[in-house]
file query23.cif (mmCIF, C-alpha atoms and all ligand atoms)
data_start
#
loop_
_atom_site.label_atom_id
_atom_site.label_comp_id
_atom_site.auth_asym_id
_atom_site.auth_seq_id
_atom_site.Cartn_x
_atom_site.Cartn_y
_atom_site.Cartn_z
CA MET U 1 -1.21 10.38 -5.82
CA LYS U 2 2.53 9.92 -6.07
CA ALA U 3 3.91 6.39 -5.71
CA ILE U 4 7.00 4.38 -6.58
CA CYS U 5 6.24 2.59 -9.84
CA LEU U 6 7.98 -0.20 -11.75
CA LYS U 7 8.75 0.16 -15.48
CA GLN U 8 9.17 -3.64 -15.87
CA PRO U 9 10.42 -6.46 -13.64
CA GLY U 10 14.18 -6.18 -13.18
CA GLY U 11 16.92 -4.29 -11.38
CA PRO U 12 16.63 -1.28 -9.06
CA GLU U 13 16.78 1.16 -12.02
CA GLN U 14 13.30 -0.05 -13.02
CA LEU U 15 11.85 1.88 -10.05
CA TYR U 16 10.77 5.52 -10.40
CA LEU U 17 8.58 8.07 -8.63
CA GLY U 18 5.37 8.19 -10.68
CA GLU U 19 1.61 8.31 -10.25
CA ALA U 20 -0.84 5.67 -9.00
CA GLU U 21 -4.55 5.55 -8.19
CA LYS U 22 -5.29 6.81 -4.65
CA PRO U 23 -6.82 3.90 -2.65
CA VAL U 24 -10.43 4.05 -1.50
CA CYS U 25 -10.99 3.15 2.15
CA GLY U 26 -13.34 0.16 2.73
CA GLU U 27 -15.66 -0.23 5.71
CA ASN U 28 -13.14 -2.18 7.86
CA GLU U 29 -10.16 -0.16 6.67
CA VAL U 30 -8.33 3.07 7.40
CA LEU U 31 -6.61 5.38 4.92
CA ILE U 32 -3.11 6.41 5.95
CA GLU U 33 -1.12 9.42 4.77
CA VAL U 34 2.31 7.79 4.57
CA HIS U 35 5.29 9.62 6.10
CA ALA U 36 7.72 6.72 5.94
CA THR U 37 7.92 3.19 4.57
CA ALA U 38 10.73 0.65 4.74
CA LEU U 39 12.48 -1.81 2.46
CA ASN U 40 12.14 -5.53 2.92
CA ARG U 41 14.00 -8.25 1.05
CA ALA U 42 10.63 -9.33 -0.38
CA ASP U 43 10.41 -5.95 -2.18
CA THR U 44 13.58 -6.75 -4.11
CA LEU U 45 12.08 -10.11 -5.16
CA GLN U 46 8.76 -8.50 -6.15
CA ARG U 47 10.69 -5.89 -8.15
CA GLN U 48 12.34 -8.73 -10.09
CA GLY U 49 8.96 -10.37 -10.79
CA LYS U 50 9.74 -13.31 -8.48
CA TYR U 51 7.24 -12.61 -5.67
CA PRO U 52 3.81 -11.46 -6.87
CA PRO U 53 1.58 -9.70 -4.30
CA PRO U 54 -1.13 -11.90 -2.73
CA LYS U 55 -4.66 -11.73 -4.18
CA GLY U 56 -6.35 -8.43 -3.37
CA ALA U 57 -3.14 -6.62 -2.35
CA SER U 58 -1.82 -3.50 -4.09
CA ASP U 59 0.72 -3.99 -6.93
CA THR U 60 2.79 -1.17 -5.46
CA LEU U 61 5.76 -2.30 -3.34
CA GLY U 62 5.82 -1.80 0.42
CA LEU U 63 4.94 -4.19 3.26
CA GLU U 64 4.80 -1.57 6.02
CA ALA U 65 4.33 2.13 6.60
CA ALA U 66 4.04 4.79 9.28
CA GLY U 67 1.92 7.89 9.04
CA VAL U 68 -1.32 9.59 10.03
CA VAL U 69 -4.88 8.25 9.74
CA LYS U 70 -6.80 10.42 7.24
CA GLU U 71 -10.07 8.45 6.90
CA VAL U 72 -11.73 5.59 8.78
CA GLY U 73 -14.25 3.10 7.38
CA LYS U 74 -17.76 3.04 8.86
CA SER U 75 -17.22 -0.19 10.89
CA VAL U 76 -13.89 0.93 12.39
CA SER U 77 -13.82 1.67 16.11
CA ASN U 78 -10.15 1.29 17.10
CA CYS U 79 -8.71 4.27 15.12
CA GLN U 80 -9.52 7.92 14.66
CA VAL U 81 -8.60 10.52 12.07
CA GLY U 82 -5.32 12.11 13.18
CA ASP U 83 -3.90 9.01 14.95
CA ARG U 84 -0.17 8.35 14.43
CA ILE U 85 0.13 4.71 13.45
CA CYS U 86 2.40 2.14 11.87
CA CYS U 87 0.99 -0.81 9.95
CA LEU U 88 1.58 -4.18 8.32
CA LEU U 89 0.60 -4.26 4.64
CA GLY U 90 0.14 -6.85 1.91
CA GLY U 91 1.57 -4.16 -0.41
CA GLY U 92 1.20 -0.48 -1.29
CA GLY U 93 3.51 1.16 1.27
CA TYR U 94 5.70 2.99 -1.30
CA ALA U 95 2.98 5.61 -1.89
CA GLU U 96 1.60 8.89 -0.54
CA PHE U 97 -1.52 7.08 0.71
CA VAL U 98 -2.25 3.47 1.60
CA LYS U 99 -5.35 1.69 2.87
CA VAL U 100 -5.05 -1.01 5.49
CA HIS U 101 -7.27 -3.31 7.57
CA ALA U 102 -7.96 -1.38 10.79
CA GLU U 103 -6.75 -4.30 12.94
CA HIS U 104 -3.37 -4.30 11.17
CA VAL U 105 -2.29 -0.95 12.61
CA MET U 106 -0.39 -0.24 15.82
CA PRO U 107 -0.18 3.10 17.62
CA ILE U 108 3.29 4.63 17.33
CA PRO U 109 4.97 4.32 20.73
CA SER U 110 5.53 7.77 22.26
CA ASP U 111 9.00 9.22 21.58
CA LEU U 112 9.33 7.34 18.27
CA ASP U 113 9.17 9.32 15.03
CA PHE U 114 7.60 8.09 11.80
CA TYR U 115 10.95 6.80 10.47
CA GLU U 116 11.59 4.69 13.57
CA ALA U 117 8.00 3.44 13.57
CA ALA U 118 8.22 2.34 9.93
CA ALA U 119 11.07 0.02 10.97
CA ILE U 120 8.86 -2.01 13.33
CA PRO U 121 5.92 -3.88 11.74
CA GLU U 122 7.26 -6.39 9.20
CA VAL U 123 10.44 -7.47 10.94
CA PHE U 124 9.26 -7.45 14.56
CA LEU U 125 6.02 -9.26 13.69
CA THR U 126 7.92 -11.83 11.60
CA ALA U 127 10.41 -12.44 14.40
CA TYR U 128 7.68 -12.51 17.09
CA GLN U 129 5.65 -15.02 15.09
CA ALA U 130 8.63 -17.30 14.35
CA ILE U 131 10.22 -17.26 17.80
CA PHE U 132 7.21 -17.36 20.10
CA LYS U 133 4.14 -18.46 18.12
CA ILE U 134 5.82 -21.16 16.02
CA ALA U 135 9.06 -22.22 17.76
CA ARG U 136 7.75 -21.57 21.30
CA LEU U 137 11.11 -20.35 22.64
CA GLU U 138 11.32 -20.78 26.39
CA LYS U 139 13.28 -18.75 28.92
CA GLU U 140 16.95 -19.69 29.04
CA GLU U 141 16.83 -21.84 25.90
CA LYS U 142 19.46 -21.39 23.20
CA ILE U 143 18.54 -19.86 19.84
CA LEU U 144 20.50 -19.49 16.60
CA ILE U 145 19.44 -16.60 14.35
CA HIS U 146 20.99 -16.60 10.88
CA ALA U 147 21.45 -13.23 9.08
CA GLY U 148 21.66 -11.64 12.53
CA ALA U 149 22.11 -8.13 11.14
CA SER U 150 19.15 -8.32 8.76
CA GLY U 151 16.00 -6.42 9.60
CA VAL U 152 14.34 -9.62 10.88
CA GLY U 153 17.57 -10.71 12.59
CA THR U 154 18.02 -7.49 14.57
CA ALA U 155 14.42 -7.72 15.77
CA ALA U 156 14.80 -11.42 16.62
CA ILE U 157 17.94 -10.85 18.71
CA GLN U 158 16.16 -8.25 20.84
CA LEU U 159 12.99 -10.33 21.30
CA ALA U 160 14.91 -13.48 22.22
CA LYS U 161 17.14 -11.61 24.69
CA SER U 162 14.13 -9.97 26.30
CA VAL U 163 12.96 -13.38 27.55
CA GLY U 164 16.42 -14.45 28.71
CA ALA U 165 17.47 -16.77 25.89
CA GLU U 166 21.12 -17.36 24.95
CA VAL U 167 21.49 -15.95 21.44
CA PHE U 168 23.85 -17.14 18.70
CA ILE U 169 23.94 -15.29 15.38
CA THR U 170 25.65 -15.67 12.03
CA ALA U 171 26.52 -12.61 9.96
CA SER U 172 29.39 -11.21 7.93
CA LYS U 173 32.14 -9.94 10.24
CA PRO U 174 31.60 -6.14 9.89
CA LYS U 175 28.03 -6.62 11.17
CA HIS U 176 28.98 -8.49 14.36
CA SER U 177 29.37 -5.37 16.52
CA LEU U 178 25.74 -4.35 15.91
CA CYS U 179 24.46 -7.84 16.78
CA LEU U 180 26.55 -7.99 19.96
CA LYS U 181 25.38 -4.49 20.96
CA LEU U 182 21.79 -5.69 20.60
CA GLY U 183 22.49 -8.48 23.06
CA ALA U 184 23.66 -11.45 20.99
CA ASP U 185 25.91 -13.63 23.16
CA HIS U 186 27.91 -15.25 20.33
CA ALA U 187 28.54 -13.97 16.79
CA ILE U 188 29.87 -16.30 14.08
CA ASP U 189 31.32 -15.17 10.75
CA TYR U 190 29.71 -17.61 8.35
CA LYS U 191 32.23 -16.68 5.66
CA SER U 192 35.31 -17.85 7.57
CA GLN U 193 33.88 -20.21 10.21
CA GLN U 194 31.72 -23.35 10.20
CA PHE U 195 28.82 -22.23 12.36
CA ASP U 196 27.77 -25.76 13.38
CA GLU U 197 31.27 -26.66 14.60
CA GLU U 198 31.62 -23.38 16.51
CA ILE U 199 28.24 -23.69 18.22
CA LEU U 200 28.65 -27.36 19.11
CA GLU U 201 31.97 -26.51 20.72
CA ILE U 202 30.50 -23.59 22.73
CA THR U 203 27.48 -25.63 23.84
CA LYS U 204 29.59 -28.73 24.61
CA GLY U 205 27.82 -30.75 21.93
CA LYS U 206 24.27 -29.84 22.97
CA GLY U 207 23.38 -27.41 20.14
CA VAL U 208 20.49 -24.93 19.98
CA ASP U 209 16.84 -25.43 20.91
CA VAL U 210 15.47 -22.97 18.34
CA LEU U 211 16.84 -21.98 14.94
CA ILE U 212 15.57 -19.17 12.68
CA ASP U 213 16.77 -19.82 9.13
CA PHE U 214 16.62 -17.82 5.90
CA MET U 215 19.16 -19.80 3.84
CA ALA U 216 17.39 -23.15 3.26
CA ALA U 217 19.38 -25.50 0.99
CA SER U 218 22.88 -24.14 1.61
CA TYR U 219 22.54 -24.53 5.40
CA ILE U 220 20.23 -27.52 5.87
CA ASN U 221 22.82 -30.12 6.89
CA GLN U 222 24.69 -27.74 9.20
CA ASN U 223 21.33 -26.70 10.68
CA LEU U 224 20.46 -30.33 11.37
CA ASN U 225 23.88 -30.80 13.00
CA VAL U 226 23.43 -27.85 15.31
CA LEU U 227 19.84 -28.46 16.45
CA ALA U 228 19.56 -29.95 19.93
CA LEU U 229 17.30 -32.80 21.02
CA ASP U 230 13.67 -31.65 20.49
CA GLY U 231 14.99 -28.65 18.50
CA ARG U 232 12.60 -26.47 16.51
CA MET U 233 13.62 -24.77 13.26
CA VAL U 234 11.57 -22.16 11.41
CA LEU U 235 12.44 -21.55 7.75
CA LEU U 236 11.54 -18.02 6.63
CA ALA U 237 13.33 -17.64 3.30
CA LEU U 238 15.29 -19.44 0.60
CA MET U 239 18.30 -17.17 0.16
CA GLY U 240 20.73 -20.11 -0.12
CA GLY U 241 18.71 -22.08 -2.68
CA ILE U 242 15.75 -24.47 -2.78
CA LYS U 243 17.21 -27.88 -3.59
CA ALA U 244 19.56 -29.61 -1.18
CA LYS U 245 21.55 -32.78 -1.85
CA GLU U 246 21.94 -35.64 0.62
CA ILE U 247 20.06 -34.47 3.67
CA ASN U 248 20.79 -36.63 6.71
CA MET U 249 17.21 -37.53 7.70
CA ALA U 250 18.43 -39.65 10.62
CA GLN U 251 19.10 -36.46 12.57
CA ILE U 252 15.45 -35.42 12.30
CA LEU U 253 14.30 -38.75 13.67
CA ALA U 254 16.95 -39.29 16.31
CA LYS U 255 16.76 -35.76 17.70
CA ARG U 256 12.94 -35.52 17.33
CA LEU U 257 13.33 -32.27 15.37
CA GLN U 258 10.48 -30.05 14.21
CA ILE U 259 11.13 -28.22 10.94
CA THR U 260 8.53 -25.68 9.89
CA GLY U 261 8.20 -22.98 7.25
CA SER U 262 6.20 -19.79 7.45
CA THR U 263 5.30 -16.74 5.40
CA LEU U 264 3.60 -13.75 6.97
CA ARG U 265 2.44 -11.84 3.90
CA SER U 266 0.11 -14.57 2.60
CA ARG U 267 -1.66 -15.13 5.95
CA ILE U 268 -5.37 -14.33 6.14
CA ASP U 269 -6.51 -11.04 7.73
CA ALA U 270 -7.77 -12.70 10.93
CA TYR U 271 -4.41 -14.39 11.53
CA LYS U 272 -2.58 -11.07 11.10
CA SER U 273 -5.08 -9.29 13.39
CA ASN U 274 -4.50 -11.89 16.07
CA LEU U 275 -0.70 -11.76 15.68
CA ILE U 276 -0.66 -7.96 15.87
CA ALA U 277 -2.93 -7.95 18.93
CA GLY U 278 -0.51 -10.38 20.62
CA PHE U 279 2.54 -8.28 19.75
CA LYS U 280 0.84 -5.09 21.00
CA ARG U 281 -0.02 -6.84 24.27
CA ASP U 282 3.37 -8.51 24.80
CA PHE U 283 5.95 -6.11 23.39
CA LEU U 284 4.78 -2.73 22.03
CA SER U 285 5.26 -0.92 25.35
CA GLU U 286 8.91 -2.09 25.39
CA PHE U 287 9.65 0.51 22.70
CA GLU U 288 8.65 3.15 25.28
CA THR U 289 10.90 1.74 28.00
CA GLY U 290 13.76 1.51 25.47
CA LYS U 291 14.12 -2.26 25.97
CA LEU U 292 13.30 -2.73 22.27
CA LYS U 293 14.62 -0.45 19.52
CA PRO U 294 13.82 -0.18 15.83
CA ILE U 295 17.21 -0.67 14.14
CA ILE U 296 17.74 1.74 11.29
CA ASP U 297 20.56 1.37 8.79
CA SER U 298 19.70 4.52 6.84
CA ILE U 299 16.90 6.96 6.01
CA ILE U 300 16.78 7.67 2.28
CA PRO U 301 14.37 10.06 0.49
CA TRP U 302 11.95 8.05 -1.64
CA THR U 303 13.13 9.94 -4.72
CA LYS U 304 16.34 7.88 -4.26
CA VAL U 305 14.55 4.53 -4.15
CA VAL U 306 16.94 3.13 -6.78
CA GLU U 307 19.91 3.79 -4.46
CA ALA U 308 18.02 2.20 -1.53
CA HIS U 309 17.32 -1.00 -3.48
CA LYS U 310 20.92 -1.18 -4.74
CA LYS U 311 22.10 -1.05 -1.14
CA MET U 312 19.88 -3.97 -0.11
CA ASP U 313 20.75 -5.99 -3.22
CA ALA U 314 24.44 -5.63 -2.28
CA ASN U 315 23.78 -6.80 1.34
CA LEU U 316 25.23 -3.51 2.60
CA ASN U 317 22.50 -2.73 5.15
CA ALA U 318 22.56 -3.68 8.82
CA GLY U 319 19.02 -3.14 10.10
CA LYS U 320 16.30 -1.35 8.16
CA ILE U 321 16.53 0.95 5.16
CA ILE U 322 13.78 3.55 5.59
CA LEU U 323 12.24 5.51 2.71
CA LYS U 324 11.30 9.05 3.71
CA VAL U 325 8.06 9.84 1.92
CA LYS U 326 7.19 13.12 3.70
N1 LIG J 401 8.70 -15.76 5.78
C1 LIG J 401 8.37 -14.57 6.25
O1 LIG J 401 7.28 -14.36 6.78
C2 LIG J 401 9.36 -13.44 6.10
C3 LIG J 401 9.04 -12.15 6.56
C4 LIG J 401 10.01 -11.14 6.46
C5 LIG J 401 11.24 -11.43 5.89
N2 LIG J 401 11.50 -12.68 5.43
C6 LIG J 401 12.80 -13.01 4.83
O2 LIG J 401 13.76 -12.86 5.84
C7 LIG J 401 15.02 -12.54 5.24
C8 LIG J 401 15.54 -11.31 5.92
O3 LIG J 401 14.76 -10.21 5.49
P1 LIG J 401 15.23 -8.72 5.78
O4 LIG J 401 14.34 -7.81 5.02
O5 LIG J 401 15.36 -8.58 7.24
O6 LIG J 401 16.68 -8.81 5.08
P2 LIG J 401 17.87 -7.81 4.99
O7 LIG J 401 17.79 -6.74 6.03
O8 LIG J 401 18.00 -7.44 3.57
O9 LIG J 401 19.14 -8.74 5.38
C9 LIG J 401 19.47 -9.92 4.73
C10 LIG J 401 20.92 -10.29 5.10
O10 LIG J 401 21.13 -11.66 4.88
C11 LIG J 401 22.51 -11.92 4.69
N3 LIG J 401 22.66 -12.81 3.53
C12 LIG J 401 22.25 -12.58 2.27
N4 LIG J 401 22.51 -13.64 1.50
C13 LIG J 401 23.10 -14.57 2.30
C14 LIG J 401 23.61 -15.89 2.10
N5 LIG J 401 23.52 -16.49 0.92
N6 LIG J 401 24.14 -16.54 3.15
C15 LIG J 401 24.19 -15.97 4.38
N7 LIG J 401 23.73 -14.71 4.64
C16 LIG J 401 23.19 -14.04 3.61
C17 LIG J 401 23.17 -10.54 4.40
O11 LIG J 401 23.92 -10.16 5.56
P3 LIG J 401 25.47 -10.57 5.75
O12 LIG J 401 26.28 -9.36 5.40
O13 LIG J 401 25.57 -10.95 7.19
O14 LIG J 401 25.72 -11.69 4.78
C18 LIG J 401 21.96 -9.62 4.24
O15 LIG J 401 22.23 -8.30 4.61
C19 LIG J 401 14.74 -12.32 3.76
O16 LIG J 401 15.12 -13.46 3.04
C20 LIG J 401 13.25 -12.12 3.70
O17 LIG J 401 12.71 -12.47 2.45
C21 LIG J 401 10.59 -13.68 5.54
#
call {"tool": "encode", "arguments": {"input": "query23.cif", "output": "structure tokens", "more": "lines below"}}
Ligand SMILES: NC(=O)c1ccc[n+]([C@@H]2O[C@H](COP(=O)([O-])OP(=O)(O)OC[C@H]3O[C@@H](n4cnc5c(N)ncnc54)[C@H](OP(=O)(O)O)[C@@H]3O)[C@@H](O)[C@H]2O)c1
result
Amino acid sequence: MKAICLKQPGGPEQLYLGEAEKPVCGENEVLIEVHATALNRADTLQRQGKYPPPKGASDTLGLEAAGVVKEVGKSVSNCQVGDRICCLLGGGGYAEFVKVHAEHVMPIPSDLDFYEAAAIPEVFLTAYQAIFKIARLEKEEKILIHAGASGVGTAAIQLAKSVGAEVFITASKPKHSLCLKLGADHAIDYKSQQFDEEILEITKGKGVDVLIDFMAASYINQNLNVLALDGRMVLLALMGGIKAKEINMAQILAKRLQITGSTLRSRIDAYKSNLIAGFKRDFLSEFETGKLKPIIDSIIPWTKVVEAHKKMDANLNAGKIILKVK
């Protein structure tokens, strides 16, 4: 089958449309004919050799896909040949065919096409897990979402607003209008403003109850400043570096903070099955009512995968970059 291959770890130009072995569907799996896949920041790290796929996952890039079920394993009862589905993958989405655990697929909400559906799994499941499963956001609490216009950020804004939270985001200025349109109440330009000072002023010194962070070292002290009493922070990435100097630990103690990290890709199958079942139950129908929307920056033919990766490397996307496979 055709697939996006990697000549050697490095820049976007290392990617090319080549050939790979067609996957064989196991007894708890389904084989999907891929119509669309989507870029995630993790793909750019894997491309550079900095984020190897977990044990047992395909070497091919791609953490999500949307398409049609072509084969089902003998123990599978929740899917049929011909179903339109989108799915969460450990890898392998940048290909004509991918196999996936049958409990890691979701039916495509009616009215959504394959390109819109490919924008859902990785970022909405990551945001759902961080906000509700880990940080336990409650109605009317305050939440700060860094990288508000990222794929995960745009999903997180919508999920947090849907339960009535007050949403603060940071993003570069040109991306504020998208975040505000999605429901963010306050947008802060992290390049020209100090987000902790701004938020403490708006909240009259209280701060935020929940914080979703991707920056790590570069933001840790400002994050500690801005967390409220009993605040919960979930660290999802390390974009601002791994080693911080002079962390003020007193804030963690005095404010009774909870600081947690999480990765979705490395979770065991049963955890992912449970998470996906919860998301289907709690939120999937909201894509039919229009309350939730997959946010697409651009749809790019997979033959132009190099261009797609260059765009993400340059932080030029707001929302998801979709690769059109079919
Ligand atoms: N742990 C998990 O389970 C998990 C799962 C999925 C994704 N992630 C992580 O979540 C992050 C977002 O992923 P994504 O695919 O949604 O990303 P994305 O769409 O590529 O967006 C990332 C955005 O972050 C902002 N940014 C980049 N470097 C920054 C810096 N040093 N300081 C402040 N902002 C910066 C940029 O927007 P601006 O123009 O606003 O700067 C950029 O567009 C990635 O780091 C990814 O690896 C983690």
call {"tool": "closest_residue", "arguments": {"input": "query23.cif", "among": "U:Asp213, U:Glu13, U:Asp196, U:Glu286", "to": "Ala228 of chain U", "atoms": "all atoms listed in the file"}}
result
U:Asp196
call {"tool": "axis_aligned_box", "arguments": {"input": "query23.cif", "around": "segment 256-274 of chain U", "padding_each_side": "5 Å", "output": "JSON"}}
result
{"center_x": 2.8, "center_y": -22.4, "center_z": 10.0, "size_x": 31.1, "size_y": 36.2, "size_z": 24.7}
call {"tool": "closest_atom_pairs", "arguments": {"input": "query23.cif", "of": "segment 109-194 of chain U", "to": "segment 267-275 of chain U", "cutoff": "9 Å", "atoms": "all atoms listed in the file", "output": "Markdown table"}}
result
| residue | atom | partner | partner_atom | distance |
| --- | --- | --- | --- | --- |
| U:Leu125 | CA | U:Leu275 | CA | 7.4 |
| U:Tyr128 | CA | U:Leu275 | CA | 8.5 |
| U:Gln129 | CA | U:Leu275 | CA | 7.2 |
| U:Lys133 | CA | U:Leu275 | CA | 8.6 |
call {"tool": "closest_residue", "arguments": {"input": "query23.cif", "among": "U:Val81, U:Ile131, U:Ala237, U:Val76", "to": "ligand LIG 401 (chain J)", "atoms": "all atoms listed in the file"}}
result
U:Ala237
call {"tool": "atom_distance", "arguments": {"input": "query23.cif", "atom1": "atom CA of Ala184 of chain U", "atom2": "atom CA of Gln158 of chain U"}}
result
8.2 Å
call {"tool": "residues_around", "arguments": {"input": "query23.cif", "residues": "Val69 of chain U", "least_positions_apart": "4", "cutoff": "8 Å", "atoms": "all atoms listed in the file", "output": "PyMOL selection string"}}
result
chain U and resi 30-33+79-85
call {"tool": "residues_around", "arguments": {"input": "query23.cif", "residues": "Gln14 of chain U", "least_positions_apart": "3", "cutoff": "10 Å", "atoms": "only C-alpha atoms", "output": "list of chain:residue names"}}
result
U:Cys5, U:Leu6, U:Lys7, U:Gln8, U:Pro9, U:Gly10, U:Gly11, U:Arg47, U:Gln48, U:Val306
call {"tool": "residues_around", "arguments": {"input": "query23.cif", "residues": "segment 111-117 of chain U", "least_positions_apart": "6", "cutoff": "10 Å", "atoms": "only C-alpha atoms", "output": "PyMOL selection string"}}
result
chain U and resi 34-38+64-68+84-87+287-288+290+293-296+298-299+320-326
call {"tool": "atom_distance", "arguments": {"input": "query23.cif", "atom1": "atom CA of Val163 of chain U", "atom2": "atom CA of Leu137 of chain U"}}
result
8.7 Å
call {"tool": "atom_distance", "arguments": {"input": "query23.cif", "atom1": "atom CA of Lys173 of chain U", "atom2": "atom CA of Ala149 of chain U"}}
result
10.2 Å
call {"tool": "residues_around", "arguments": {"input": "query23.cif", "residues": "segment 248-252 of chain U", "least_positions_apart": "3", "cutoff": "7 Å", "atoms": "only C-alpha atoms", "output": "PyMOL selection string"}}
result
chain U and resi 221+224+255-257
call {"tool": "closest_residue", "arguments": {"input": "query23.cif", "among": "U:Cys179, U:Leu61, U:Leu316, U:Ile220", "to": "Lys245 of chain U", "atoms": "all atoms listed in the file"}}
result
U:Ile220
call {"tool": "closest_residue", "arguments": {"input": "query23.cif", "among": "U:Asn317, U:Asn40, U:Ser218, U:Asn28", "to": "Pro121 of chain U", "atoms": "all atoms listed in the file"}}
result
U:Asn40
call {"tool": "residues_around", "arguments": {"input": "query23.cif", "residues": "Lys2 of chain U", "least_positions_apart": "5", "cutoff": "8 Å", "atoms": "all atoms listed in the file", "output": "compact mmCIF listing (two decimals) with C-alpha atoms, in the coordinates of the input"}}
result
# COMPACT_ATOMS: atom_id res chain seq x y z
CA LEU U 17 8.58 8.07 -8.63
CA GLY U 18 5.37 8.19 -10.68
CA GLU U 19 1.61 8.31 -10.25
CA ALA U 20 -0.84 5.67 -9.00
CA ALA U 95 2.98 5.61 -1.89
CA GLU U 96 1.60 8.89 -0.54
call {"tool": "closest_residue", "arguments": {"input": "query23.cif", "among": "U:Lys22, U:Lys50, U:Lys181, U:Lys206", "to": "ligand LIG 401 (chain J)", "atoms": "only C-alpha atoms and all ligand atoms"}}
result
U:Lys50
call {"tool": "closest_residue", "arguments": {"input": "query23.cif", "among": "U:Gln46, U:Thr260, U:Leu15, U:Pro109", "to": "Thr289 of chain U", "atoms": "only C-alpha atoms"}}
result
U:Pro109
